[in-house]
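Asker: The structure under discussion is supplied below as structure tokens; questions concerning it will follow.
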Amino acid sequence: MGNVFGVVPVAGFGSRLKPLTNLLPKELLPVGRHLIVERVISELKSAGIVDFVFVVSPPKLAIFEAMLGHGDGLGVRIQYSVQSHMGGLADAVLCTQPFVPSDCKMLVALGDSFFSGGLDGSVVKRMLDTKAHGAIATREVSLEFVSRYGIVALSDGTSLISYIVEKPNPDIAPSRNAVCARYLIDTSIFQIIRDSKPTDGSEHQLTGCLNDWIQTGHTIESIPLMNGEKRHDVGNFDTYYASVMELALEEATDRPQLERMLKEQLP
């Protein structure tokens, strides 16, 4: 196997965070002392990944190039692939084909999600250690929330994923193990994506392509988050505020004073 490339899809419009995203892409918003995307890069770099492909929309290309360049200041190598239309996550992965050698694997890391307790790369390191063809980070969620996530079904008595259901109703969910913004796959997925049919008229969803990948004989291991590892998904204002407060407390120079200030704001 060749090198592992970090694939970071950041082409979305950030509609749920407007008007903030009228000025900056959500991935470039600060959380604590670092930008969200800097946290993603740091996480993968800590796991030994230094080659990155960022999948951007045309309006975002100049912004990301200005902010990140080609990674020299971050100790990584960054290339950019332009996703000309919003074709879904699988299409974003397919956009990286010209940049990723055929003998390499890809660690797909959603650009609006990062881990606290996992910034040392611990989650990704466990994914890279899998003996399966690929891996997906997962976490257990309450039954009432399974309809918000992709939910994995595990083969009996193993950590291998037999299939994934996108946002199932609680009464038919195969488990409470939710897909958690990190995927390890190899370049054989490109042909699967090319052969897939778009859902909702225009988008190619990665969930369906991963199910097809499994059907072709590829194995995917579920890598659960451990104690102290928490996913931060900053796709909307509530989750963004929660992440800002948590990281502010974690990184504050004077945490007791900040805690007092926050308590004063609570009824």
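All residue names refer to the structure tokens as shown: chains lettered A, B, ... in order, residues numbered from 1 in each chain, ligands numbered from 1 in order.
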Which polymer residues have any atom within 10 Å of an atom of Asn169 of chain A, counting only C-alpha atoms, with same-chain residues fewer than 3 positions away left out, as a list of chain:residue names?
Answerer: A:Leu143, A:Glu144, A:Phe145, A:Val146, A:Ser147, A:Arg148, A:Val165, A:Glu166, A:Ile172, A:Ala173, A:Pro174
Asker: List the spatial neighbours of segment 122-125 of chain A as a list of chain:residue names - criterion: any atom at most 8 Å away, only C-alpha atoms, same-chain residues fewer than 6 positions off excluded.
Answerer: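 Near neighbours after the sequence-gap exclusion: A:Glu43, A:Leu44, A:Ala47, A:Ala137, A:Arg182, A:Ile223, A:Leu225.
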Asker: Using only C-alpha atoms, please write the residues we just selected to a file, as a compact mmCIF listing (two decimals), in the first residue's frame.
Answerer:
```txt
# COMPACT_ATOMS: atom_id res chain seq x y z
CA GLU A 43 -5.60 15.69 13.78
CA LEU A 44 -4.62 13.92 10.56
CA ALA A 47 -1.62 10.37 12.73
CA ALA A 137 -15.19 6.14 12.89
CA ARG A 182 -14.07 9.96 9.19
CA ILE A 223 -13.78 2.16 14.90
CA LEU A 225 -14.76 6.64 19.74
```
Asker: Would you please work out which residue, of A:His232, A:Lys105, A:Arg260, A:His133, is nearest to Ile49 of chain A when using only C-alpha atoms?
Answerer: A:Lys105
Asker: Just list as an NGL selection string whatever in segment 41-267 of chain A DSSP marks as helix (DSSP H, G or I).
Answerer: :A and (41-46 or 58-68 or 72-74 or 89-94 or 122-128 or 143-148 or 170-172 or 189-195 or 206-215 or 237-251 or 255-265)
Asker: Mind writing the picked residues with C-alpha atoms as a PDB file, in the first residue's frame?
Answerer:
```pdb
ATOM      1  CA  ILE A  41      -5.335  19.164   9.588  1.00  0.00           C
ATOM      2  CA  SER A  42      -3.623  18.852  12.978  1.00  0.00           C
ATOM      3  CA  GLU A  43      -5.602  15.694  13.781  1.00  0.00           C
ATOM      4  CA  LEU A  44      -4.623  13.922  10.563  1.00  0.00           C
ATOM      5  CA  LYS A  45      -1.047  15.180  10.693  1.00  0.00           C
ATOM      6  CA  SER A  46      -0.698  13.764  14.220  1.00  0.00           C
ATOM      7  CA  PRO A  58     -15.263  27.466  -7.315  1.00  0.00           C
ATOM      8  CA  PRO A  59     -16.003  30.503  -5.058  1.00  0.00           C
ATOM      9  CA  LYS A  60     -14.025  28.956  -2.189  1.00  0.00           C
ATOM     10  CA  LEU A  61     -10.842  28.133  -4.090  1.00  0.00           C
ATOM     11  CA  ALA A  62      -9.205  31.561  -3.795  1.00  0.00           C
ATOM     12  CA  ILE A  63     -10.209  31.865  -0.118  1.00  0.00           C
ATOM     13  CA  PHE A  64      -8.654  28.549   0.883  1.00  0.00           C
ATOM     14  CA  GLU A  65      -5.542  29.171  -1.192  1.00  0.00           C
ATOM     15  CA  ALA A  66      -5.122  32.541   0.540  1.00  0.00           C
ATOM     16  CA  MET A  67      -5.643  31.103   4.025  1.00  0.00           C
ATOM     17  CA  LEU A  68      -3.837  27.754   3.775  1.00  0.00           C
ATOM     18  CA  ASP A  72       3.951  25.057   3.879  1.00  0.00           C
ATOM     19  CA  GLY A  73       3.173  26.926   7.105  1.00  0.00           C
ATOM     20  CA  LEU A  74       1.347  23.906   8.517  1.00  0.00           C
ATOM     21  CA  LEU A  89     -20.061  13.565  -0.761  1.00  0.00           C
ATOM     22  CA  ALA A  90     -19.306  10.639  -3.067  1.00  0.00           C
ATOM     23  CA  ASP A  91     -18.856  13.047  -5.970  1.00  0.00           C
ATOM     24  CA  ALA A  92     -16.484  15.113  -3.821  1.00  0.00           C
ATOM     25  CA  VAL A  93     -14.392  11.986  -3.216  1.00  0.00           C
ATOM     26  CA  LEU A  94     -14.407  11.219  -6.948  1.00  0.00           C
ATOM     27  CA  SER A 122      -5.815   8.827  18.197  1.00  0.00           C
ATOM     28  CA  VAL A 123      -9.047   8.117  16.282  1.00  0.00           C
ATOM     29  CA  VAL A 124      -7.365   8.200  12.876  1.00  0.00           C
ATOM     30  CA  LYS A 125      -4.411   6.126  14.135  1.00  0.00           C
ATOM     31  CA  ARG A 126      -6.795   3.340  15.139  1.00  0.00           C
ATOM     32  CA  MET A 127      -8.462   3.566  11.743  1.00  0.00           C
ATOM     33  CA  LEU A 128      -5.112   3.261   9.967  1.00  0.00           C
ATOM     34  CA  LEU A 143     -32.115   5.973  20.030  1.00  0.00           C
ATOM     35  CA  GLU A 144     -34.031   9.231  19.620  1.00  0.00           C
ATOM     36  CA  PHE A 145     -31.159  10.672  17.564  1.00  0.00           C
ATOM     37  CA  VAL A 146     -30.443   7.805  15.149  1.00  0.00           C
ATOM     38  CA  SER A 147     -32.615   9.453  12.484  1.00  0.00           C
ATOM     39  CA  ARG A 148     -30.028  12.248  12.219  1.00  0.00           C
ATOM     40  CA  PRO A 170     -35.568   4.442  15.335  1.00  0.00           C
ATOM     41  CA  ASP A 171     -37.831   1.399  14.945  1.00  0.00           C
ATOM     42  CA  ILE A 172     -35.798   0.041  12.010  1.00  0.00           C
ATOM     43  CA  ILE A 189     -14.120   3.239  -4.622  1.00  0.00           C
ATOM     44  CA  PHE A 190     -13.765   5.567  -7.627  1.00  0.00           C
ATOM     45  CA  GLN A 191     -15.280   3.069 -10.045  1.00  0.00           C
ATOM     46  CA  ILE A 192     -18.071   2.297  -7.589  1.00  0.00           C
ATOM     47  CA  ILE A 193     -18.931   6.008  -7.497  1.00  0.00           C
ATOM     48  CA  ARG A 194     -18.811   6.292 -11.284  1.00  0.00           C
ATOM     49  CA  ASP A 195     -21.247   3.384 -11.570  1.00  0.00           C
ATOM     50  CA  LEU A 206     -21.204   8.080  -0.077  1.00  0.00           C
ATOM     51  CA  THR A 207     -23.353   5.787   2.082  1.00  0.00           C
ATOM     52  CA  GLY A 208     -24.793   3.947  -0.915  1.00  0.00           C
ATOM     53  CA  CYS A 209     -21.384   3.689  -2.561  1.00  0.00           C
ATOM     54  CA  LEU A 210     -19.869   2.220   0.607  1.00  0.00           C
ATOM     55  CA  ASN A 211     -22.651  -0.378   0.717  1.00  0.00           C
ATOM     56  CA  ASP A 212     -21.843  -1.259  -2.897  1.00  0.00           C
ATOM     57  CA  TRP A 213     -18.129  -1.407  -2.010  1.00  0.00           C
ATOM     58  CA  ILE A 214     -18.903  -3.926   0.737  1.00  0.00           C
ATOM     59  CA  GLN A 215     -20.923  -5.979  -1.749  1.00  0.00           C
ATOM     60  CA  PHE A 237     -25.342  27.560  15.317  1.00  0.00           C
ATOM     61  CA  ASP A 238     -26.219  25.391  18.335  1.00  0.00           C
ATOM     62  CA  THR A 239     -23.354  22.967  17.751  1.00  0.00           C
ATOM     63  CA  TYR A 240     -21.002  25.812  16.848  1.00  0.00           C
ATOM     64  CA  TYR A 241     -21.806  27.680  20.087  1.00  0.00           C
ATOM     65  CA  ALA A 242     -21.353  24.487  22.122  1.00  0.00           C
ATOM     66  CA  SER A 243     -17.958  23.826  20.530  1.00  0.00           C
ATOM     67  CA  VAL A 244     -16.804  27.411  21.049  1.00  0.00           C
ATOM     68  CA  MET A 245     -17.721  27.307  24.748  1.00  0.00           C
ATOM     69  CA  GLU A 246     -16.142  23.902  25.359  1.00  0.00           C
ATOM     70  CA  LEU A 247     -12.872  24.741  23.616  1.00  0.00           C
ATOM     71  CA  ALA A 248     -12.778  28.203  25.209  1.00  0.00           C
ATOM     72  CA  LEU A 249     -12.941  26.577  28.646  1.00  0.00           C
ATOM     73  CA  GLU A 250     -10.319  24.004  27.660  1.00  0.00           C
ATOM     74  CA  GLU A 251      -7.884  26.581  26.290  1.00  0.00           C
ATOM     75  CA  ARG A 255     -10.496  29.200  33.320  1.00  0.00           C
ATOM     76  CA  PRO A 256     -12.038  30.033  36.740  1.00  0.00           C
ATOM     77  CA  GLN A 257     -12.750  33.592  35.622  1.00  0.00           C
ATOM     78  CA  LEU A 258     -14.307  32.395  32.362  1.00  0.00           C
ATOM     79  CA  GLU A 259     -16.437  29.859  34.246  1.00  0.00           C
ATOM     80  CA  ARG A 260     -17.718  32.631  36.548  1.00  0.00           C
ATOM     81  CA  MET A 261     -18.584  34.795  33.544  1.00  0.00           C
ATOM     82  CA  LEU A 262     -20.525  31.956  31.893  1.00  0.00           C
ATOM     83  CA  LYS A 263     -22.395  31.135  35.119  1.00  0.00           C
ATOM     84  CA  GLU A 264     -23.474  34.756  35.432  1.00  0.00           C
ATOM     85  CA  GLN A 265     -25.213  34.464  32.069  1.00  0.00           C
TER      86      GLN A 265
END
```
Asker: Lys230 of chain A: which residues within 12 Å, counting only C-alpha atoms, same-chain residues fewer than 3 positions away excluded, as a ChimeraX atom specification?
Answerer: /A:113-119,122-123,137-141,180-181,224-227,233,243,246-247
Asker: Any chance you could export the current selection's C-alpha atoms as a PDB file, in the first residue's frame?
Answerer:
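The resulting file, part.pdb, is shown below:
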```pdb
ATOM      1  CA  SER A 113     -16.107  18.181  12.103  1.00  0.00           C
ATOM      2  CA  PHE A 114     -13.212  17.684  14.506  1.00  0.00           C
ATOM      3  CA  PHE A 115     -12.543  15.739  17.684  1.00  0.00           C
ATOM      4  CA  SER A 116     -11.690  16.975  21.148  1.00  0.00           C
ATOM      5  CA  GLY A 117      -9.697  14.335  22.936  1.00  0.00           C
ATOM      6  CA  GLY A 118      -8.768  13.141  19.456  1.00  0.00           C
ATOM      7  CA  LEU A 119      -6.692  16.015  18.137  1.00  0.00           C
ATOM      8  CA  SER A 122      -5.815   8.827  18.197  1.00  0.00           C
ATOM      9  CA  VAL A 123      -9.047   8.117  16.282  1.00  0.00           C
ATOM     10  CA  ALA A 137     -15.190   6.141  12.887  1.00  0.00           C
ATOM     11  CA  THR A 138     -18.425   5.611  14.837  1.00  0.00           C
ATOM     12  CA  ARG A 139     -20.014   6.646  18.105  1.00  0.00           C
ATOM     13  CA  GLU A 140     -23.028   5.442  20.013  1.00  0.00           C
ATOM     14  CA  VAL A 141     -25.986   7.845  20.037  1.00  0.00           C
ATOM     15  CA  CYS A 180     -18.646   9.887  12.712  1.00  0.00           C
ATOM     16  CA  ALA A 181     -17.168  12.071   9.939  1.00  0.00           C
ATOM     17  CA  PRO A 224     -15.727   3.498  17.913  1.00  0.00           C
ATOM     18  CA  LEU A 225     -14.764   6.645  19.738  1.00  0.00           C
ATOM     19  CA  MET A 226     -13.275   5.956  23.162  1.00  0.00           C
ATOM     20  CA  ASN A 227     -13.772   7.707  26.485  1.00  0.00           C
ATOM     21  CA  ASP A 233     -19.932  18.967  14.266  1.00  0.00           C
ATOM     22  CA  SER A 243     -17.958  23.826  20.530  1.00  0.00           C
ATOM     23  CA  GLU A 246     -16.142  23.902  25.359  1.00  0.00           C
ATOM     24  CA  LEU A 247     -12.872  24.741  23.616  1.00  0.00           C
TER      25      LEU A 247
END
```
Asker: Report the residues of segment 83-134 of chain A whose backbone DSSP state falls under strand (DSSP E), written as a list in words.
Answerer: Lys105, Met106, Leu107, Val108, Ala109, Ser113, Phe114, Phe115, Ser116 and Gly134 of chain A
Asker: Give the answer as one residue: which of A:Thr219, A:Ser84, A:Gln97, A:Ser159 has the shortest atom-to-atom distance to Val7 of chain A, using only C-alpha atoms?
Answerer: A:Gln97
Asker: I'd like the interatomic distance between atom CA of Gly6 of chain A and atom CA of Val37 of chain A, to a tenth of an Å.
Answerer: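 We find that atom CA of Gly6 of chain A and atom CA of Val37 of chain A lie 12.3 Å from each other.
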Asker: Check the smallest atom-to-atom distance from each of A:Val40, A:Leu35, A:Ala252, A:Leu110 to Pro9 of chain A using only C-alpha atoms, then report the winner.
Answerer: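 Between A:Val40, A:Leu35, A:Ala252, A:Leu110, the residue approaching Pro9 of chain A most closely is A:Leu110.
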Asker: Please determine, counting only C-alpha atoms, which residue among A:Val53, A:Met86, A:Leu29, A:Val4 has the shortest atom-to-atom distance to Glu203 of chain A.
Answerer: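 Closest candidate: A:Met86.
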Asker: Have a look at atom CA of Ile185 of chain A and atom CA of Ser15 of chain A and let me know their distance in Å, one decimal.
Answerer: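 Computing the Euclidean distance for atom CA of Ile185 of chain A and atom CA of Ser15 of chain A yields 28.3 Å.
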Asker: For His218 of chain A, which of A:Val31, A:Ala178, A:Val234, A:Ile161 is the closest residue, counting only C-alpha atoms?
Answerer: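 Selected residue with least distance to His218 of chain A: A:Ile161.
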